[in-house]
$ cat start15.txt   # compact mmCIF, C-alpha atoms and all ligand atoms
# COMPACT_ATOMS: atom_id res chain seq x y z
CA MET A 761 -17.53 -10.98 -1.03
CA ASN A 762 -14.96 -10.74 1.72
CA GLN A 763 -12.23 -11.19 -0.85
CA ILE A 764 -13.30 -7.93 -2.45
CA ALA A 765 -12.86 -6.00 0.74
CA SER A 766 -9.39 -7.40 1.13
CA THR A 767 -8.10 -6.44 -2.32
CA ILE A 768 -9.86 -3.17 -3.05
CA PRO A 769 -9.87 -0.08 -0.87
CA ALA A 770 -13.55 0.60 -0.36
CA SER A 771 -14.76 3.65 1.47
CA ALA A 772 -12.48 5.71 3.66
CA SER A 773 -9.32 3.73 3.17
CA VAL A 774 -7.64 5.75 5.88
CA SER A 775 -8.67 5.56 9.50
CA VAL A 776 -6.85 8.68 10.64
CA PRO A 777 -9.22 10.97 12.54
CA ARG A 778 -10.29 14.04 10.61
CA PRO A 779 -9.54 17.51 11.97
CA SER A 780 -12.24 19.83 13.22
CA GLN A 781 -13.51 22.65 11.00
CA GLU A 782 -11.42 25.10 13.05
CA GLU A 783 -8.25 23.05 12.75
CA ALA A 784 -8.73 22.72 9.00
CA GLU A 785 -9.34 26.44 8.56
CA GLU A 786 -6.25 27.22 10.61
CA ALA A 787 -4.22 24.99 8.31
CA VAL A 788 -5.43 26.98 5.31
CA ARG A 789 -4.49 30.22 7.06
CA THR A 790 -1.01 28.78 7.57
CA LEU A 791 -0.70 28.02 3.86
CA LEU A 792 -1.91 31.52 3.00
CA ARG A 793 0.88 32.91 5.16
CA LEU A 794 3.32 30.53 3.46
CA ALA A 795 2.28 31.96 0.10
CA GLY A 796 3.08 35.44 1.41
CA GLU A 797 -0.47 36.53 2.17
CA ASP A 798 -2.17 38.09 5.15
CA PRO A 799 -5.02 35.70 6.06
CA ASP A 800 -6.83 38.59 7.76
CA ARG A 801 -6.98 40.67 4.59
CA GLU A 802 -10.58 41.47 3.73
CA GLY A 803 -10.71 39.45 0.51
CA LEU A 804 -9.32 36.37 2.22
CA ARG A 805 -11.49 36.41 5.30
CA ASP A 806 -13.84 33.67 4.10
CA THR A 807 -11.25 31.77 2.10
CA PRO A 808 -10.31 29.18 4.73
CA ALA A 809 -13.96 28.17 5.17
CA ARG A 810 -14.42 28.01 1.39
CA VAL A 811 -11.31 25.89 0.93
CA VAL A 812 -12.47 23.47 3.62
CA ARG A 813 -15.87 23.23 1.93
CA SER A 814 -14.30 22.62 -1.45
CA TYR A 815 -12.05 19.91 0.01
CA LYS A 816 -15.14 18.03 1.08
CA GLU A 817 -16.33 18.11 -2.52
CA LEU A 818 -12.98 17.42 -4.19
CA PHE A 819 -12.27 14.46 -1.92
CA ALA A 820 -15.80 13.16 -1.51
CA GLY A 821 -14.68 9.77 -2.81
CA TYR A 822 -13.32 8.73 0.58
CA ASP A 823 -16.91 8.49 1.79
CA VAL A 824 -18.14 6.39 -1.12
CA ASP A 825 -17.82 2.64 -1.23
CA PRO A 826 -17.54 1.73 -4.95
CA VAL A 827 -17.98 -1.99 -4.29
CA ASN A 828 -21.24 -1.33 -2.53
CA LEU A 829 -22.31 0.95 -5.37
CA LEU A 830 -22.07 -1.89 -7.88
CA GLU A 831 -23.24 -4.67 -5.61
CA ARG A 832 -26.52 -2.93 -4.97
CA THR A 833 -27.32 -2.21 -8.58
CA PHE A 834 -26.33 -4.94 -10.97
CA GLU A 835 -28.94 -6.85 -12.92
CA GLU A 836 -28.71 -10.40 -14.12
CA VAL A 837 -28.99 -10.25 -17.90
CA GLU A 838 -28.60 -13.23 -20.14
CA GLY A 839 -27.89 -13.05 -23.84
CA TYR A 840 -25.95 -9.82 -24.26
CA ASP A 841 -22.44 -10.93 -25.06
CA GLU A 842 -20.83 -7.93 -26.70
CA ILE A 843 -18.63 -5.20 -25.30
CA VAL A 844 -20.25 -2.48 -23.20
CA LEU A 845 -18.18 0.69 -23.44
CA LEU A 846 -18.67 3.96 -21.61
CA ARG A 847 -16.42 6.43 -23.36
CA ASP A 848 -15.08 9.86 -22.44
CA ILE A 849 -16.06 9.98 -18.78
CA ARG A 850 -14.55 13.18 -17.44
CA ILE A 851 -12.10 12.50 -14.65
CA GLU A 852 -11.24 15.11 -12.04
CA SER A 853 -8.71 13.91 -9.53
CA HIS A 854 -5.73 15.20 -7.55
CA CYS A 855 -2.20 13.89 -7.62
CA GLU A 856 -1.08 12.64 -4.27
CA HIS A 857 2.41 14.06 -4.66
CA HIS A 858 1.47 17.71 -5.18
CA MET A 859 -2.28 17.83 -4.46
CA VAL A 860 -3.00 19.57 -7.75
CA PRO A 861 -5.56 18.50 -10.35
CA ILE A 862 -5.36 15.59 -12.72
CA ILE A 863 -7.97 16.23 -15.44
CA GLY A 864 -8.78 13.78 -18.15
CA ARG A 865 -11.03 11.21 -19.70
CA CYS A 866 -11.70 7.66 -18.73
CA HIS A 867 -13.05 4.88 -20.92
CA ILE A 868 -14.57 1.91 -19.17
CA ALA A 869 -15.48 -1.31 -20.95
CA TYR A 870 -16.56 -4.74 -19.92
CA LEU A 871 -17.75 -7.86 -21.63
CA PRO A 872 -20.66 -9.12 -19.51
CA ARG A 873 -20.94 -12.69 -18.39
CA SER A 874 -24.33 -12.37 -16.73
CA ARG A 875 -24.38 -9.10 -14.83
CA VAL A 876 -24.77 -5.60 -16.19
CA VAL A 877 -25.09 -2.26 -14.46
CA GLY A 878 -26.56 1.09 -15.42
CA ILE A 879 -23.87 3.10 -17.18
CA SER A 880 -24.12 5.92 -14.67
CA LYS A 881 -22.92 3.48 -12.02
CA LEU A 882 -19.69 2.93 -13.93
CA ALA A 883 -19.13 6.68 -14.00
CA ARG A 884 -19.84 6.83 -10.28
CA VAL A 885 -17.25 4.14 -9.60
CA ALA A 886 -14.73 6.19 -11.55
CA ASP A 887 -15.67 9.28 -9.52
CA ALA A 888 -15.49 7.44 -6.21
CA TYR A 889 -11.83 6.65 -6.84
CA ALA A 890 -11.01 9.89 -8.67
CA LYS A 891 -12.24 12.07 -5.80
CA ARG A 892 -9.30 10.99 -3.70
CA LEU A 893 -5.59 11.68 -3.77
CA GLN A 894 -4.33 9.49 -6.54
CA ILE A 895 -1.70 8.46 -8.96
CA GLN A 896 -3.17 7.73 -12.36
CA GLU A 897 -1.87 4.17 -12.47
CA ARG A 898 -3.61 3.22 -9.23
CA LEU A 899 -6.81 5.02 -10.22
CA THR A 900 -6.92 2.95 -13.42
CA VAL A 901 -6.34 -0.32 -11.58
CA GLN A 902 -8.88 0.41 -8.85
CA ILE A 903 -11.68 1.19 -11.31
CA ALA A 904 -10.97 -1.91 -13.40
CA ASP A 905 -10.51 -4.32 -10.52
CA THR A 906 -13.64 -3.20 -8.71
CA ILE A 907 -15.78 -3.78 -11.79
CA ASP A 908 -14.00 -7.05 -12.43
CA GLN A 909 -14.57 -8.41 -8.96
CA VAL A 910 -18.14 -7.29 -8.45
CA LEU A 911 -19.63 -7.93 -11.90
CA GLN A 912 -17.33 -10.86 -12.68
CA PRO A 913 -17.52 -10.20 -16.41
CA ARG A 914 -15.49 -11.95 -19.12
CA GLY A 915 -13.15 -9.00 -19.02
CA VAL A 916 -12.70 -5.35 -18.11
CA GLY A 917 -10.77 -2.66 -19.94
CA VAL A 918 -10.11 0.76 -18.47
CA VAL A 919 -8.13 3.43 -20.28
CA ILE A 920 -7.44 6.86 -18.79
CA GLU A 921 -5.93 9.80 -20.66
CA ALA A 922 -5.18 12.72 -18.39
CA GLY A 923 -3.19 15.88 -17.98
CA HIS A 924 -1.36 16.49 -14.73
CA GLN A 925 -1.20 20.06 -13.51
CA CYS A 926 1.83 19.22 -11.41
CA MET A 927 3.58 18.89 -14.76
CA SER A 928 1.83 21.67 -16.71
CA THR A 929 1.66 24.55 -14.22
CA ARG A 930 4.76 23.86 -12.14
CA GLY A 931 7.87 21.67 -12.21
CA VAL A 932 8.88 21.04 -15.81
CA HIS A 933 6.00 23.22 -17.16
CA LYS A 934 4.98 21.04 -20.07
CA PRO A 935 1.35 21.76 -20.93
CA GLY A 936 -0.49 19.67 -23.48
CA VAL A 937 1.10 16.42 -22.38
CA SER A 938 -1.28 13.64 -21.54
CA MET A 939 -0.54 10.45 -19.76
CA VAL A 940 -2.30 7.29 -20.88
CA THR A 941 -2.76 4.30 -18.61
CA SER A 942 -4.73 1.13 -19.08
CA ARG A 943 -5.76 -1.92 -17.18
CA MET A 944 -7.06 -4.98 -19.03
CA THR A 945 -8.41 -8.09 -17.39
CA GLY A 946 -9.83 -11.38 -18.69
CA CYS A 947 -10.56 -11.46 -22.42
CA PHE A 948 -9.22 -7.94 -22.96
CA ARG A 949 -5.90 -9.04 -21.57
CA ASP A 950 -5.74 -12.53 -23.05
CA ASP A 951 -7.40 -12.17 -26.45
CA PRO A 952 -5.65 -9.75 -28.83
CA THR A 953 -8.71 -9.59 -31.12
CA THR A 954 -11.03 -8.51 -28.32
CA ARG A 955 -8.50 -6.00 -27.08
CA ARG A 956 -8.12 -4.57 -30.58
CA GLU A 957 -11.89 -4.31 -30.93
CA LEU A 958 -12.04 -2.34 -27.69
CA LEU A 959 -9.22 0.01 -28.62
CA ASN A 960 -10.88 0.62 -32.01
CA MET A 961 -14.18 1.40 -30.28
CA ILE A 962 -12.43 3.89 -28.01
CA ALA A 963 -10.58 5.52 -30.90
CA SER A 964 -13.45 5.68 -33.38
CA ARG A 965 -15.57 8.60 -32.43
CA ALA A 966 -17.61 10.55 -34.90
CA PRO A 967 -16.60 14.22 -35.03
CA GLY A 968 -18.65 16.34 -32.69
CA THR A 969 -19.96 13.57 -30.50
CA LEU A 970 -17.58 14.30 -27.66
CA ASP A 971 -19.46 17.31 -26.33
CA ALA A 972 -22.93 16.16 -27.29
ZN ZN B 1 2.02 15.52 -8.97
$ encode --input "start15.txt" --output "structure tokens"
Amino acid sequence: MNQIASTIPASASVSVPRPSQEEAEEAVRTLLRLAGEDPDREGLRDTPARVVRSYKELFAGYDVDPVNLLERTFEEVEGYDEIVLLRDIRIESHCEHHMVPIIGRCHIAYLPRSRVVGISKLARVADAYAKRLQIQERLTVQIADTIDQVLQPRGVGVVIEAGHQCMSTRGVHKPGVSMVTSRMTGCFRDDPTTRRELLNMIASRAPGTLDA
């Protein structure tokens, strides 16, 4: 299992010391001044503390080890040899270039060899990597490769469709554009029929099921 640690960033991938609460709040006050605000204005008095609290939530993934999450929970199951697909997992991440939201959907599939996990664990792996500063390509690869290396299935397919607010609310201002990334390993990469089956499963949703 040491190989896993060497190829996949697990928990806090950065060993830079974190600032104190006071330092973090002061940084927010600085940004408020940068925006043209008075940080001492009544309505903003509690904002630095709130922002620091929300950062802990938005970037909670640095404290989660996705490898550990899967290693603790898989079950050995013989006999199921069809695709397992978890579709339309909501993804909330932040782009590492502008620190603004990336919002989208992630589809995670694997073809088990002997190990399966509860589907909520797959969503938690996605969250563990999403709740960090990301680029969508790396997020896709990290989710797929973690599942691949821990469960060692016949193949993993991860597809993410997401909108980037750094593109919709600033910069080129192009709302409604989604970026699609995918990572296929094993049979999903090597066998066109299996890949096609997966992509059909992702695409074929009955109307109305998305928000069920
Ligand atoms: Zn960006």
$ atom_distance --input "start15.txt" --atom1 "CA of Pro826 (chain A)" --atom2 "CA of Asp841 (chain A)"
24.3 Å
$ atom_distance --input "start15.txt" --atom1 "CA of Ser880 (chain A)" --atom2 "CA of Leu846 (chain A)"
9.0 Å
$ residues_around --input "start15.txt" --residues "Leu830 (chain A)" --least-positions-apart "5" --cutoff "9 Å" --atoms "only C-alpha atoms" --output "PDB file with C-alpha atoms, keeping the file's coordinate frame"
ATOM      1  CA  VAL A 877     -25.090  -2.260 -14.460  1.00  0.00           C
ATOM      2  CA  LYS A 881     -22.920   3.480 -12.020  1.00  0.00           C
ATOM      3  CA  LEU A 882     -19.690   2.930 -13.930  1.00  0.00           C
ATOM      4  CA  VAL A 885     -17.250   4.140  -9.600  1.00  0.00           C
ATOM      5  CA  THR A 906     -13.640  -3.200  -8.710  1.00  0.00           C
ATOM      6  CA  ILE A 907     -15.780  -3.780 -11.790  1.00  0.00           C
ATOM      7  CA  VAL A 910     -18.140  -7.290  -8.450  1.00  0.00           C
ATOM      8  CA  LEU A 911     -19.630  -7.930 -11.900  1.00  0.00           C
TER       9      LEU A 911
END
$ closest_residue --input "start15.txt" --among "A:Cys947, A:Pro861, A:Ala886, A:Leu818" --to "Arg873 (chain A)" --atoms "only C-alpha atoms"
A:Cys947
$ atom_distance --input "start15.txt" --atom1 "CA of Leu871 (chain A)" --atom2 "CA of Thr941 (chain A)"
19.5 Å
$ closest_residue --input "start15.txt" --among "A:Glu842, A:Asp908, A:Glu786, A:Glu835" --to "Ala809 (chain A)" --atoms "all atoms listed in the file"
A:Glu786
$ residues_near_ligand --input "start15.txt" --ligand "ligand ZN 1 (chain B)" --cutoff "9 Å" --atoms "only C-alpha atoms and all ligand atoms" --output "VMD selection string"
chain A and resid 854 to 862 895 924 to 927
$ build_atoms --input "start15.txt" --residues "region 935-958 of chain A" --atoms "N, CA, C and O atoms" --output "PDB file, keeping the file's coordinate frame"
ATOM      1  N   PRO A 935       2.781  21.913 -20.680  1.00  0.00           N
ATOM      2  CA  PRO A 935       1.350  21.760 -20.930  1.00  0.00           C
ATOM      3  C   PRO A 935       1.090  20.924 -22.177  1.00  0.00           C
ATOM      4  O   PRO A 935       1.967  20.790 -23.028  1.00  0.00           O
ATOM      5  N   GLY A 936      -0.099  20.402 -22.275  1.00  0.00           N
ATOM      6  CA  GLY A 936      -0.490  19.670 -23.480  1.00  0.00           C
ATOM      7  C   GLY A 936      -0.008  18.229 -23.505  1.00  0.00           C
ATOM      8  O   GLY A 936      -0.237  17.513 -24.476  1.00  0.00           O
ATOM      9  N   VAL A 937       0.645  17.809 -22.443  1.00  0.00           N
ATOM     10  CA  VAL A 937       1.100  16.420 -22.380  1.00  0.00           C
ATOM     11  C   VAL A 937       0.030  15.597 -21.684  1.00  0.00           C
ATOM     12  O   VAL A 937      -0.473  15.993 -20.634  1.00  0.00           O
ATOM     13  N   SER A 938      -0.353  14.491 -22.277  1.00  0.00           N
ATOM     14  CA  SER A 938      -1.280  13.640 -21.540  1.00  0.00           C
ATOM     15  C   SER A 938      -0.635  12.299 -21.261  1.00  0.00           C
ATOM     16  O   SER A 938       0.213  11.820 -22.003  1.00  0.00           O
ATOM     17  N   MET A 939      -1.048  11.757 -20.158  1.00  0.00           N
ATOM     18  CA  MET A 939      -0.540  10.450 -19.760  1.00  0.00           C
ATOM     19  C   MET A 939      -1.657   9.439 -20.008  1.00  0.00           C
ATOM     20  O   MET A 939      -2.824   9.709 -19.716  1.00  0.00           O
ATOM     21  N   VAL A 940      -1.306   8.317 -20.578  1.00  0.00           N
ATOM     22  CA  VAL A 940      -2.300   7.290 -20.880  1.00  0.00           C
ATOM     23  C   VAL A 940      -1.958   6.034 -20.098  1.00  0.00           C
ATOM     24  O   VAL A 940      -0.816   5.561 -20.122  1.00  0.00           O
ATOM     25  N   THR A 941      -2.954   5.538 -19.374  1.00  0.00           N
ATOM     26  CA  THR A 941      -2.760   4.300 -18.610  1.00  0.00           C
ATOM     27  C   THR A 941      -3.902   3.353 -18.943  1.00  0.00           C
ATOM     28  O   THR A 941      -5.004   3.785 -19.287  1.00  0.00           O
ATOM     29  N   SER A 942      -3.644   2.080 -18.838  1.00  0.00           N
ATOM     30  CA  SER A 942      -4.730   1.130 -19.080  1.00  0.00           C
ATOM     31  C   SER A 942      -4.588  -0.081 -18.180  1.00  0.00           C
ATOM     32  O   SER A 942      -3.494  -0.411 -17.704  1.00  0.00           O
ATOM     33  N   ARG A 943      -5.732  -0.677 -17.930  1.00  0.00           N
ATOM     34  CA  ARG A 943      -5.760  -1.920 -17.180  1.00  0.00           C
ATOM     35  C   ARG A 943      -6.731  -2.857 -17.914  1.00  0.00           C
ATOM     36  O   ARG A 943      -7.887  -2.496 -18.136  1.00  0.00           O
ATOM     37  N   MET A 944      -6.241  -4.008 -18.316  1.00  0.00           N
ATOM     38  CA  MET A 944      -7.060  -4.980 -19.030  1.00  0.00           C
ATOM     39  C   MET A 944      -7.113  -6.259 -18.209  1.00  0.00           C
ATOM     40  O   MET A 944      -6.077  -6.727 -17.722  1.00  0.00           O
ATOM     41  N   THR A 945      -8.299  -6.806 -18.073  1.00  0.00           N
ATOM     42  CA  THR A 945      -8.410  -8.090 -17.390  1.00  0.00           C
ATOM     43  C   THR A 945      -9.145  -9.075 -18.300  1.00  0.00           C
ATOM     44  O   THR A 945      -9.805  -8.673 -19.272  1.00  0.00           O
ATOM     45  N   GLY A 946      -9.062 -10.332 -17.988  1.00  0.00           N
ATOM     46  CA  GLY A 946      -9.830 -11.380 -18.690  1.00  0.00           C
ATOM     47  C   GLY A 946      -9.577 -11.363 -20.186  1.00  0.00           C
ATOM     48  O   GLY A 946      -8.426 -11.321 -20.645  1.00  0.00           O
ATOM     49  N   CYS A 947     -10.682 -11.351 -20.958  1.00  0.00           N
ATOM     50  CA  CYS A 947     -10.560 -11.460 -22.420  1.00  0.00           C
ATOM     51  C   CYS A 947      -9.838 -10.267 -23.025  1.00  0.00           C
ATOM     52  O   CYS A 947      -9.209 -10.400 -24.073  1.00  0.00           O
ATOM     53  N   PHE A 948      -9.921  -9.107 -22.403  1.00  0.00           N
ATOM     54  CA  PHE A 948      -9.220  -7.940 -22.960  1.00  0.00           C
ATOM     55  C   PHE A 948      -7.711  -8.065 -22.789  1.00  0.00           C
ATOM     56  O   PHE A 948      -6.936  -7.476 -23.513  1.00  0.00           O
ATOM     57  N   ARG A 949      -7.325  -8.822 -21.788  1.00  0.00           N
ATOM     58  CA  ARG A 949      -5.900  -9.040 -21.570  1.00  0.00           C
ATOM     59  C   ARG A 949      -5.403 -10.216 -22.408  1.00  0.00           C
ATOM     60  O   ARG A 949      -4.331 -10.168 -23.005  1.00  0.00           O
ATOM     61  N   ASP A 950      -6.218 -11.278 -22.472  1.00  0.00           N
ATOM     62  CA  ASP A 950      -5.740 -12.530 -23.050  1.00  0.00           C
ATOM     63  C   ASP A 950      -6.005 -12.678 -24.554  1.00  0.00           C
ATOM     64  O   ASP A 950      -5.336 -13.457 -25.217  1.00  0.00           O
ATOM     65  N   ASP A 951      -7.017 -11.980 -25.056  1.00  0.00           N
ATOM     66  CA  ASP A 951      -7.400 -12.170 -26.450  1.00  0.00           C
ATOM     67  C   ASP A 951      -7.100 -10.897 -27.250  1.00  0.00           C
ATOM     68  O   ASP A 951      -7.810  -9.897 -27.125  1.00  0.00           O
ATOM     69  N   PRO A 952      -6.061 -10.945 -28.082  1.00  0.00           N
ATOM     70  CA  PRO A 952      -5.650  -9.750 -28.830  1.00  0.00           C
ATOM     71  C   PRO A 952      -6.771  -9.188 -29.711  1.00  0.00           C
ATOM     72  O   PRO A 952      -6.877  -7.974 -29.893  1.00  0.00           O
ATOM     73  N   THR A 953      -7.628 -10.056 -30.243  1.00  0.00           N
ATOM     74  CA  THR A 953      -8.710  -9.590 -31.120  1.00  0.00           C
ATOM     75  C   THR A 953      -9.718  -8.759 -30.333  1.00  0.00           C
ATOM     76  O   THR A 953     -10.161  -7.698 -30.767  1.00  0.00           O
ATOM     77  N   THR A 954     -10.067  -9.242 -29.155  1.00  0.00           N
ATOM     78  CA  THR A 954     -11.030  -8.510 -28.320  1.00  0.00           C
ATOM     79  C   THR A 954     -10.436  -7.186 -27.854  1.00  0.00           C
ATOM     80  O   THR A 954     -11.103  -6.157 -27.821  1.00  0.00           O
ATOM     81  N   ARG A 955      -9.154  -7.239 -27.512  1.00  0.00           N
ATOM     82  CA  ARG A 955      -8.500  -6.000 -27.080  1.00  0.00           C
ATOM     83  C   ARG A 955      -8.489  -4.984 -28.222  1.00  0.00           C
ATOM     84  O   ARG A 955      -8.766  -3.801 -28.042  1.00  0.00           O
ATOM     85  N   ARG A 956      -8.174  -5.464 -29.420  1.00  0.00           N
ATOM     86  CA  ARG A 956      -8.120  -4.570 -30.580  1.00  0.00           C
ATOM     87  C   ARG A 956      -9.504  -3.971 -30.850  1.00  0.00           C
ATOM     88  O   ARG A 956      -9.629  -2.791 -31.140  1.00  0.00           O
ATOM     89  N   GLU A 957     -10.532  -4.810 -30.717  1.00  0.00           N
ATOM     90  CA  GLU A 957     -11.890  -4.310 -30.930  1.00  0.00           C
ATOM     91  C   GLU A 957     -12.201  -3.180 -29.951  1.00  0.00           C
ATOM     92  O   GLU A 957     -12.753  -2.143 -30.318  1.00  0.00           O
ATOM     93  N   LEU A 958     -11.808  -3.370 -28.698  1.00  0.00           N
ATOM     94  CA  LEU A 958     -12.040  -2.340 -27.690  1.00  0.00           C
ATOM     95  C   LEU A 958     -11.292  -1.051 -28.034  1.00  0.00           C
ATOM     96  O   LEU A 958     -11.863   0.041 -28.010  1.00  0.00           O
TER      97      LEU A 958
END
